[in-house]
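Worksheet for the structure shown next.
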Amino acid sequence: MKKIMIINTNTDHYKGLEEKTGLWLGELVHFYDYFKDKEVKIDLYSVKGGKVPIDPFSVSTLMLDYKTKNYMEDPEFMKLLDNTKSIHEAQVSDYDAVYFTGGHGTVFDFVDNEDISRILKEMDKEKKVISSVCHGAAALLNFEDNRLKDTELTGFSNLEEQMVRKTNKVPFLLEDELKKKGANYKKAVLPMASKVVQDGNIITGQNPQSPKIVAKKVWSAIK
(Lines give C-alpha, C1' and ligand atoms only; values in the text may rest on other atoms or scores of the structure.)
Protein backbone atom coordinates (compact mmCIF):
# COMPACT_ATOMS: atom_id res chain seq x y z
CA MET A 1 0.00 0.00 0.00
CA LYS A 2 1.25 3.48 -0.90
CA LYS A 3 1.54 6.16 1.78
CA ILE A 4 1.15 9.92 1.54
CA MET A 5 1.84 12.51 4.21
CA ILE A 6 -0.20 15.70 4.11
CA ILE A 7 1.28 18.72 5.88
CA ASN A 8 -0.91 21.57 7.14
CA THR A 9 -0.42 24.91 8.85
CA ASN A 10 -0.93 25.67 12.55
CA THR A 11 -1.11 29.46 12.10
CA ASP A 12 -4.55 30.85 12.90
CA HIS A 13 -4.02 34.63 12.55
CA TYR A 14 -2.26 37.03 10.23
CA LYS A 15 0.78 38.26 12.11
CA GLY A 16 0.03 41.44 14.04
CA LEU A 17 -3.64 41.37 13.07
CA GLU A 18 -6.84 40.05 14.65
CA GLU A 19 -7.97 38.62 11.31
CA LYS A 20 -8.10 34.83 11.30
CA THR A 21 -6.50 32.52 8.76
CA GLY A 22 -5.42 28.86 8.64
CA LEU A 23 -5.88 25.92 6.29
CA TRP A 24 -7.97 26.41 3.15
CA LEU A 25 -10.13 23.37 3.88
CA GLY A 26 -11.10 22.53 0.29
CA GLU A 27 -7.44 22.18 -0.66
CA LEU A 28 -7.16 19.32 1.82
CA VAL A 29 -10.58 17.79 1.16
CA HIS A 30 -10.42 17.52 -2.63
CA PHE A 31 -6.94 15.96 -2.52
CA TYR A 32 -7.83 13.60 0.36
CA ASP A 33 -11.15 12.56 -1.17
CA TYR A 34 -9.51 11.54 -4.47
CA PHE A 35 -7.72 8.69 -2.68
CA LYS A 36 -10.69 7.36 -0.69
CA ASP A 37 -11.15 4.36 -2.99
CA LYS A 38 -7.46 3.81 -3.73
CA GLU A 39 -4.89 1.57 -2.05
CA VAL A 40 -3.37 4.54 -0.27
CA LYS A 41 -2.88 5.39 3.40
CA ILE A 42 -2.88 9.09 4.23
CA ASP A 43 -1.49 10.59 7.44
CA LEU A 44 -2.27 14.16 8.44
CA TYR A 45 0.53 16.27 9.87
CA SER A 46 0.91 19.89 10.84
CA VAL A 47 3.94 22.01 11.63
CA LYS A 48 3.62 21.71 15.42
CA GLY A 49 1.06 18.92 15.66
CA GLY A 50 -2.35 19.08 17.26
CA LYS A 51 -5.23 21.19 15.95
CA VAL A 52 -5.21 22.58 12.43
CA PRO A 53 -7.06 25.92 12.28
CA ILE A 54 -9.40 26.40 9.33
CA ASP A 55 -9.52 29.67 7.44
CA PRO A 56 -13.07 30.94 8.08
CA PHE A 57 -13.30 32.37 4.56
CA SER A 58 -12.68 28.91 3.10
CA VAL A 59 -15.85 27.61 4.74
CA SER A 60 -17.97 30.71 4.17
CA THR A 61 -21.20 30.50 2.18
CA LEU A 62 -19.45 32.11 -0.77
CA MET A 63 -16.62 29.56 -0.90
CA LEU A 64 -17.91 26.30 0.61
CA ASP A 65 -18.55 23.58 -1.98
CA TYR A 66 -20.73 20.52 -1.45
CA LYS A 67 -17.90 18.02 -0.95
CA THR A 68 -15.98 20.20 1.50
CA LYS A 69 -19.21 20.83 3.44
CA ASN A 70 -19.78 17.07 3.76
CA TYR A 71 -16.29 16.54 5.18
CA MET A 72 -16.67 19.51 7.52
CA GLU A 73 -19.85 17.92 8.89
CA ASP A 74 -18.11 14.55 9.40
CA PRO A 75 -16.98 14.42 13.05
CA GLU A 76 -14.50 11.59 12.38
CA PHE A 77 -12.71 13.57 9.70
CA MET A 78 -12.67 16.76 11.76
CA LYS A 79 -11.26 14.77 14.68
CA LEU A 80 -8.28 13.94 12.45
CA LEU A 81 -7.70 17.67 11.96
CA ASP A 82 -7.84 18.24 15.71
CA ASN A 83 -5.17 15.61 16.38
CA THR A 84 -2.49 15.85 13.70
CA LYS A 85 1.04 14.61 14.14
CA SER A 86 3.93 17.05 14.31
CA ILE A 87 6.22 17.06 11.27
CA HIS A 88 9.11 16.81 13.73
CA GLU A 89 8.07 13.16 14.20
CA ALA A 90 7.76 12.41 10.48
CA GLN A 91 9.74 9.42 9.21
CA VAL A 92 10.20 10.28 5.55
CA SER A 93 11.24 6.73 4.66
CA ASP A 94 7.67 5.60 5.42
CA TYR A 95 6.12 7.69 2.62
CA ASP A 96 5.91 7.72 -1.16
CA ALA A 97 4.76 11.34 -1.42
CA VAL A 98 4.21 14.55 0.52
CA TYR A 99 1.46 17.10 -0.13
CA PHE A 100 1.57 20.62 1.31
CA THR A 101 -1.89 22.15 1.64
CA GLY A 102 -2.50 25.88 1.33
CA GLY A 103 -4.23 28.66 3.18
CA HIS A 104 -2.56 31.92 4.16
CA GLY A 105 -1.35 30.41 7.43
CA THR A 106 1.36 28.57 5.49
CA VAL A 107 3.24 31.75 4.52
CA PHE A 108 3.97 32.20 8.22
CA ASP A 109 4.94 28.71 9.42
CA PHE A 110 6.01 26.80 6.29
CA VAL A 111 9.00 29.08 5.63
CA ASP A 112 12.44 28.87 7.30
CA ASN A 113 11.36 25.55 8.78
CA GLU A 114 14.06 22.99 9.57
CA ASP A 115 11.67 20.04 9.59
CA ILE A 116 10.21 20.91 6.19
CA SER A 117 13.73 21.41 4.88
CA ARG A 118 14.66 17.93 6.13
CA ILE A 119 11.55 16.35 4.63
CA LEU A 120 12.16 17.98 1.24
CA LYS A 121 15.82 16.99 1.19
CA GLU A 122 15.18 13.35 2.10
CA MET A 123 12.26 12.92 -0.29
CA ASP A 124 14.05 14.62 -3.15
CA LYS A 125 17.12 12.45 -2.65
CA GLU A 126 14.95 9.36 -3.15
CA LYS A 127 13.03 11.03 -6.03
CA LYS A 128 9.81 10.69 -4.08
CA VAL A 129 6.86 12.89 -5.04
CA ILE A 130 6.79 16.40 -3.57
CA SER A 131 3.50 18.21 -4.16
CA SER A 132 1.72 21.36 -3.05
CA VAL A 133 -1.25 23.56 -3.82
CA CYS A 134 -1.76 27.31 -3.66
CA HIS A 135 0.15 28.89 -0.71
CA GLY A 136 1.44 25.43 0.21
CA ALA A 137 4.22 26.07 -2.31
CA ALA A 138 5.74 28.28 0.40
CA ALA A 139 7.18 25.01 1.70
CA LEU A 140 9.33 24.76 -1.43
CA LEU A 141 11.18 27.91 -0.39
CA ASN A 142 12.98 25.65 2.10
CA PHE A 143 14.78 23.86 -0.74
CA GLU A 144 18.53 24.39 -0.78
CA ASP A 145 19.91 27.02 -3.14
CA ASN A 146 19.64 26.23 -6.85
CA ARG A 147 17.32 23.21 -6.43
CA LEU A 148 14.42 25.19 -7.86
CA LYS A 149 16.48 26.86 -10.57
CA ASP A 150 14.62 26.45 -13.90
CA THR A 151 12.10 24.09 -12.26
CA GLU A 152 8.61 24.60 -13.66
CA LEU A 153 6.09 25.10 -10.87
CA THR A 154 3.16 27.19 -9.73
CA GLY A 155 1.47 28.60 -6.64
CA PHE A 156 -0.89 31.43 -5.72
CA SER A 157 -0.16 34.32 -8.08
CA ASN A 158 0.43 38.00 -7.30
CA LEU A 159 -2.76 38.92 -9.16
CA GLU A 160 -4.78 36.39 -7.16
CA GLU A 161 -3.32 37.81 -3.94
CA GLN A 162 -4.47 41.27 -5.04
CA MET A 163 -7.92 39.94 -5.86
CA VAL A 164 -8.41 38.52 -2.36
CA ARG A 165 -6.97 41.75 -0.86
CA LYS A 166 -4.26 40.07 1.19
CA THR A 167 -1.19 41.67 -0.43
CA ASN A 168 -0.52 43.90 2.58
CA LYS A 169 -1.26 41.19 5.14
CA VAL A 170 1.26 38.56 4.05
CA PRO A 171 5.03 38.73 4.67
CA PHE A 172 5.83 38.12 0.98
CA LEU A 173 4.22 37.44 -2.38
CA LEU A 174 4.63 33.76 -3.20
CA GLU A 175 5.02 34.21 -6.95
CA ASP A 176 7.86 36.69 -6.39
CA GLU A 177 9.66 34.47 -3.88
CA LEU A 178 9.49 31.39 -6.10
CA LYS A 179 10.95 33.42 -8.97
CA LYS A 180 13.74 34.68 -6.69
CA LYS A 181 14.64 31.02 -6.11
CA GLY A 182 15.10 30.70 -9.87
CA ALA A 183 11.91 28.75 -10.49
CA ASN A 184 10.25 28.90 -13.89
CA TYR A 185 6.92 30.07 -12.47
CA LYS A 186 3.77 29.25 -14.47
CA LYS A 187 0.20 30.43 -14.04
CA ALA A 188 -3.19 30.04 -15.67
CA VAL A 189 -4.20 32.58 -18.31
CA LEU A 190 -7.14 33.57 -16.10
CA PRO A 191 -6.75 34.07 -12.33
CA MET A 192 -8.55 31.53 -10.15
CA ALA A 193 -8.60 29.01 -13.01
CA SER A 194 -7.13 25.59 -12.26
CA LYS A 195 -3.46 25.16 -13.16
CA VAL A 196 -1.23 22.20 -12.29
CA VAL A 197 2.44 21.86 -13.25
CA GLN A 198 4.65 18.78 -13.02
CA ASP A 199 8.41 18.91 -13.37
CA GLY A 200 10.02 15.59 -12.50
CA ASN A 201 9.02 14.63 -8.96
CA ILE A 202 7.61 18.09 -8.14
CA ILE A 203 3.87 18.60 -8.70
CA THR A 204 2.26 21.95 -7.90
CA GLY A 205 -1.22 23.47 -8.16
CA GLN A 206 -1.89 27.18 -8.42
CA ASN A 207 -5.04 27.79 -6.38
CA PRO A 208 -8.07 26.26 -4.61
CA GLN A 209 -9.37 25.05 -7.98
CA SER A 210 -6.37 22.75 -8.44
CA PRO A 211 -6.08 20.09 -5.65
CA LYS A 212 -7.98 17.28 -7.36
CA ILE A 213 -5.77 17.47 -10.46
CA VAL A 214 -2.69 17.57 -8.22
CA ALA A 215 -4.00 14.38 -6.58
CA LYS A 216 -4.47 12.68 -9.96
CA LYS A 217 -0.89 13.48 -10.95
CA VAL A 218 0.46 12.34 -7.58
CA TRP A 219 -1.40 9.03 -7.97
CA SER A 220 -0.04 8.54 -11.47
CA ALA A 221 3.46 9.18 -10.18
CA ILE A 222 3.38 6.80 -7.21
CA LYS A 223 1.25 3.88 -8.36
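Numbering starts fresh at 1 for the residues of each chain in the C-alpha coordinates, the chains themselves are lettered A, B, ... in the order given, and ligands are numbered from 1 as they appear.
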I'd like the contact shell of region 143-151 of chain A - 6 Å cut-off, only C-alpha atoms, skipping same-chain residues fewer than 2 positions apart - returned as a PDB file with N, CA, C and O atoms, in the first residue's frame.
```pdb
ATOM      1  N   LEU A 140       8.233  24.991  -0.489  1.00  0.00           N
ATOM      2  CA  LEU A 140       9.330  24.757  -1.431  1.00  0.00           C
ATOM      3  C   LEU A 140      10.446  25.787  -1.291  1.00  0.00           C
ATOM      4  O   LEU A 140      11.560  25.565  -1.773  1.00  0.00           O
ATOM      5  N   LEU A 141      10.149  26.895  -0.623  1.00  0.00           N
ATOM      6  CA  LEU A 141      11.183  27.914  -0.391  1.00  0.00           C
ATOM      7  C   LEU A 141      12.263  27.394   0.555  1.00  0.00           C
ATOM      8  O   LEU A 141      13.330  27.997   0.672  1.00  0.00           O
ATOM      9  N   GLY A 182      14.708  31.147  -8.535  1.00  0.00           N
ATOM     10  CA  GLY A 182      15.102  30.698  -9.868  1.00  0.00           C
ATOM     11  C   GLY A 182      14.091  29.810 -10.554  1.00  0.00           C
ATOM     12  O   GLY A 182      14.340  29.289 -11.647  1.00  0.00           O
ATOM     13  N   ALA A 183      12.928  29.614  -9.909  1.00  0.00           N
ATOM     14  CA  ALA A 183      11.908  28.746 -10.490  1.00  0.00           C
ATOM     15  C   ALA A 183      11.325  29.352 -11.763  1.00  0.00           C
ATOM     16  O   ALA A 183      11.222  30.572 -11.899  1.00  0.00           O
ATOM     17  N   ASN A 184      10.942  28.484 -12.677  1.00  0.00           N
ATOM     18  CA  ASN A 184      10.246  28.902 -13.891  1.00  0.00           C
ATOM     19  C   ASN A 184       8.751  28.878 -13.560  1.00  0.00           C
ATOM     20  O   ASN A 184       8.067  27.889 -13.779  1.00  0.00           O
TER      21      ASN A 184
END
```
Write out as CSV a residue-level contact list of region 35-55 of chain A versus region 108-123 of chain A with cut-off 10 Å: for each qualifying residue the closest pair of atoms and the distance in Å to one decimal, counting only C-alpha atoms, rows sorted by chain and residue number upward.
```
residue,atom,partner,partner_atom,distance
A:Ser46,CA,A:Phe110,CA,9.7
A:Val47,CA,A:Asp109,CA,7.1
A:Lys48,CA,A:Asp109,CA,9.3
```
Non-local contacts of Tyr185 (chain A) (6 Å; only C-alpha atoms; under 6 positions in same chain excluded) as a VMD selection string: chain A and resid 152 to 154
Write the residues of the preceding selection, restricted to all heavy atoms, as a short mmCIF file (atom, residue, chain, number, x, y, z; two decimals), in the first residue's frame.
```
data_model
loop_
_atom_site.label_atom_id
_atom_site.label_comp_id
_atom_site.auth_asym_id
_atom_site.auth_seq_id
_atom_site.Cartn_x
_atom_site.Cartn_y
_atom_site.Cartn_z
N GLU A 152 9.94 24.08 -13.36
CA GLU A 152 8.61 24.60 -13.66
C GLU A 152 7.67 24.27 -12.50
O GLU A 152 7.54 23.12 -12.10
CB GLU A 152 8.08 24.00 -14.96
CG GLU A 152 8.83 24.46 -16.19
CD GLU A 152 8.15 24.06 -17.49
OE1 GLU A 152 7.12 23.35 -17.44
OE2 GLU A 152 8.64 24.47 -18.56
N LEU A 153 7.03 25.30 -11.97
CA LEU A 153 6.09 25.10 -10.87
C LEU A 153 5.10 26.26 -10.82
O LEU A 153 5.20 27.22 -11.56
CB LEU A 153 6.84 24.93 -9.54
CG LEU A 153 7.95 25.92 -9.15
CD1 LEU A 153 7.38 27.28 -8.80
CD2 LEU A 153 8.74 25.38 -7.97
N THR A 154 4.15 26.13 -9.90
CA THR A 154 3.16 27.19 -9.73
C THR A 154 2.78 27.31 -8.26
O THR A 154 3.19 26.52 -7.42
CB THR A 154 1.92 26.94 -10.62
OG1 THR A 154 1.08 28.10 -10.60
CG2 THR A 154 1.12 25.73 -10.14
#
```
Who sits within 12 Å of Leu80 (chain A), only C-alpha atoms, same chain under 2 positions skipped, as JSON, numbers by chain: {"A": [6, 8, 28, 42, 43, 44, 45, 46, 49, 50, 51, 52, 71, 72, 74, 75, 76, 77, 78, 82, 83, 84, 85]}
Between CA of Lys15 (chain A) and CA of Tyr32 (chain A), distance in Å (one decimal): 28.6 Å
Region 21-167 of chain A: residues DSSP assigns to strand (DSSP E or B), reported as a PyMOL selection string: chain A and resi 23+40-46+50+54+84-86+97-100+129-133+152-153
Region 29-204 of chain A: residues DSSP assigns to alpha helix (DSSP H), reported as a count of residues only: 50
Please tabulate, as CSV, the residues of region 71-188 of chain A that come within 9 Å of region 18-25 of chain A, each with its closest pair of atoms and the distance in Å to one decimal, counting only C-alpha atoms and ordering rows by chain, then residue number upward.
```
residue,atom,partner,partner_atom,distance
A:Met72,CA,A:Leu25,CA,8.4
A:Thr101,CA,A:Leu23,CA,7.2
A:Gly102,CA,A:Trp24,CA,5.8
A:Gly103,CA,A:Trp24,CA,4.4
A:His104,CA,A:Thr21,CA,6.1
A:Gly105,CA,A:Gly22,CA,4.5
A:Thr106,CA,A:Gly22,CA,7.5
```
Exercise: Cys134 (chain A) partners within 7 Å, only C-alpha atoms, chain neighbours under 6 positions left out, as a ChimeraX atom specification: /A:102,155-156,205-208
CA of Lys79 (chain A) to CA of Lys38 (chain A), distance in Å rounded to a single decimal: 21.8 Å
CA of Phe100 (chain A) to CA of Ser131 (chain A), distance in Å rounded to a single decimal: 6.3 Å
Spatial neighbours of Val196 (chain A), 10 Å, only C-alpha atoms, chain gap at least 4 places, as a ChimeraX atom specification: /A:132-133,153-155,186-188,203-207,209-214,217
Requested write-out: all heavy atoms of the selected residues, as a short mmCIF file (atom, residue, chain, number, x, y, z; two decimals), in the first residue's frame:
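Generated output (selection.cif):
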```cif
data_model
loop_
_atom_site.label_atom_id
_atom_site.label_comp_id
_atom_site.auth_asym_id
_atom_site.auth_seq_id
_atom_site.Cartn_x
_atom_site.Cartn_y
_atom_site.Cartn_z
N SER A 132 2.30 20.27 -3.83
CA SER A 132 1.72 21.36 -3.05
C SER A 132 0.58 21.97 -3.84
O SER A 132 0.42 21.73 -5.05
CB SER A 132 2.77 22.44 -2.75
OG SER A 132 3.16 23.10 -3.95
N VAL A 133 -0.21 22.79 -3.15
CA VAL A 133 -1.25 23.56 -3.82
C VAL A 133 -1.29 24.96 -3.22
O VAL A 133 -1.06 25.13 -2.03
CB VAL A 133 -2.63 22.87 -3.72
CG1 VAL A 133 -3.22 22.99 -2.33
CG2 VAL A 133 -3.60 23.39 -4.77
N LEU A 153 7.03 25.30 -11.97
CA LEU A 153 6.09 25.10 -10.87
C LEU A 153 5.10 26.26 -10.82
O LEU A 153 5.20 27.22 -11.56
CB LEU A 153 6.84 24.93 -9.54
CG LEU A 153 7.95 25.92 -9.15
CD1 LEU A 153 7.38 27.28 -8.80
CD2 LEU A 153 8.74 25.38 -7.97
N THR A 154 4.15 26.13 -9.90
CA THR A 154 3.16 27.19 -9.73
C THR A 154 2.78 27.31 -8.26
O THR A 154 3.19 26.52 -7.42
CB THR A 154 1.92 26.94 -10.62
OG1 THR A 154 1.08 28.10 -10.60
CG2 THR A 154 1.12 25.73 -10.14
N GLY A 155 1.97 28.31 -7.98
CA GLY A 155 1.47 28.60 -6.64
C GLY A 155 0.59 29.84 -6.77
O GLY A 155 0.47 30.41 -7.86
N LYS A 186 4.85 29.30 -13.48
CA LYS A 186 3.77 29.25 -14.47
C LYS A 186 2.46 29.60 -13.80
O LYS A 186 2.27 29.34 -12.62
CB LYS A 186 3.66 27.84 -15.08
CG LYS A 186 4.94 27.31 -15.71
CD LYS A 186 5.24 28.02 -17.01
CE LYS A 186 6.43 27.38 -17.74
NZ LYS A 186 6.75 28.08 -18.98
N LYS A 187 1.53 30.17 -14.57
CA LYS A 187 0.20 30.43 -14.04
C LYS A 187 -0.84 30.35 -15.14
O LYS A 187 -0.53 30.46 -16.33
CB LYS A 187 0.13 31.79 -13.35
CG LYS A 187 0.45 32.98 -14.22
CD LYS A 187 0.46 34.26 -13.39
CE LYS A 187 0.96 35.44 -14.21
NZ LYS A 187 1.10 36.66 -13.39
N ALA A 188 -2.08 30.12 -14.72
CA ALA A 188 -3.19 30.04 -15.67
C ALA A 188 -3.39 31.38 -16.36
O ALA A 188 -3.06 32.44 -15.81
CB ALA A 188 -4.46 29.63 -14.94
N ILE A 203 5.20 18.36 -8.13
CA ILE A 203 3.87 18.60 -8.70
C ILE A 203 3.21 19.72 -7.90
O ILE A 203 3.07 19.62 -6.68
CB ILE A 203 3.00 17.33 -8.62
CG1 ILE A 203 3.66 16.18 -9.41
CG2 ILE A 203 1.59 17.60 -9.15
CD1 ILE A 203 3.03 14.82 -9.17
N THR A 204 2.81 20.80 -8.59
CA THR A 204 2.26 21.95 -7.90
C THR A 204 0.96 22.42 -8.54
O THR A 204 0.80 22.37 -9.75
CB THR A 204 3.27 23.12 -7.90
OG1 THR A 204 3.74 23.34 -9.24
CG2 THR A 204 4.46 22.83 -7.00
N GLY A 205 0.04 22.90 -7.70
CA GLY A 205 -1.22 23.47 -8.16
C GLY A 205 -1.29 24.94 -7.77
O GLY A 205 -0.77 25.33 -6.72
N GLN A 206 -1.93 25.73 -8.60
CA GLN A 206 -1.89 27.18 -8.42
C GLN A 206 -2.82 27.72 -7.33
O GLN A 206 -2.45 28.66 -6.62
CB GLN A 206 -2.23 27.87 -9.74
CG GLN A 206 -2.15 29.41 -9.68
CD GLN A 206 -2.42 30.06 -11.03
OE1 GLN A 206 -2.14 29.48 -12.07
NE2 GLN A 206 -2.97 31.25 -11.01
N ASN A 207 -4.00 27.14 -7.19
CA ASN A 207 -5.04 27.79 -6.38
C ASN A 207 -6.06 26.76 -5.87
O ASN A 207 -5.92 25.57 -6.13
CB ASN A 207 -5.72 28.89 -7.22
CG ASN A 207 -6.09 28.38 -8.60
OD1 ASN A 207 -6.51 27.24 -8.75
ND2 ASN A 207 -5.91 29.20 -9.62
N GLN A 209 -8.72 25.81 -6.91
CA GLN A 209 -9.37 25.05 -7.98
C GLN A 209 -8.53 23.85 -8.45
O GLN A 209 -8.96 23.10 -9.32
CB GLN A 209 -9.66 25.97 -9.17
CG GLN A 209 -10.82 26.94 -8.96
CD GLN A 209 -10.55 27.99 -7.90
OE1 GLN A 209 -9.48 28.59 -7.86
NE2 GLN A 209 -11.52 28.23 -7.03
N SER A 210 -7.36 23.68 -7.88
CA SER A 210 -6.37 22.75 -8.44
C SER A 210 -6.10 21.46 -7.67
O SER A 210 -5.44 20.56 -8.21
CB SER A 210 -5.04 23.50 -8.60
OG SER A 210 -5.21 24.71 -9.34
N PRO A 211 -6.54 21.26 -6.42
CA PRO A 211 -6.08 20.09 -5.65
C PRO A 211 -6.43 18.73 -6.22
O PRO A 211 -5.65 17.79 -6.10
CB PRO A 211 -6.70 20.29 -4.26
CG PRO A 211 -7.80 21.27 -4.44
CD PRO A 211 -7.36 22.15 -5.57
N LYS A 212 -7.60 18.59 -6.84
CA LYS A 212 -7.98 17.28 -7.36
C LYS A 212 -7.05 16.85 -8.49
O LYS A 212 -6.66 15.68 -8.59
CB LYS A 212 -9.43 17.28 -7.84
CG LYS A 212 -9.90 15.90 -8.27
CD LYS A 212 -11.38 15.89 -8.64
CE LYS A 212 -11.83 14.49 -9.06
NZ LYS A 212 -13.26 14.46 -9.42
N ILE A 213 -6.68 17.80 -9.35
CA ILE A 213 -5.77 17.47 -10.46
C ILE A 213 -4.37 17.17 -9.93
O ILE A 213 -3.67 16.29 -10.44
CB ILE A 213 -5.74 18.60 -11.50
CG1 ILE A 213 -7.16 18.86 -12.01
CG2 ILE A 213 -4.83 18.24 -12.68
CD1 ILE A 213 -7.29 20.07 -12.89
N VAL A 214 -3.97 17.89 -8.88
CA VAL A 214 -2.69 17.57 -8.22
C VAL A 214 -2.74 16.12 -7.73
O VAL A 214 -1.80 15.34 -7.95
CB VAL A 214 -2.40 18.52 -7.04
CG1 VAL A 214 -1.16 18.05 -6.27
CG2 VAL A 214 -2.18 19.95 -7.53
N LYS A 217 -2.27 13.58 -10.50
CA LYS A 217 -0.89 13.48 -10.95
C LYS A 217 0.00 12.78 -9.91
O LYS A 217 0.91 12.04 -10.27
CB LYS A 217 -0.34 14.88 -11.30
CG LYS A 217 -0.92 15.43 -12.61
CD LYS A 217 -0.20 16.70 -13.03
CE LYS A 217 -0.70 17.18 -14.39
NZ LYS A 217 -0.28 16.27 -15.49
#
```
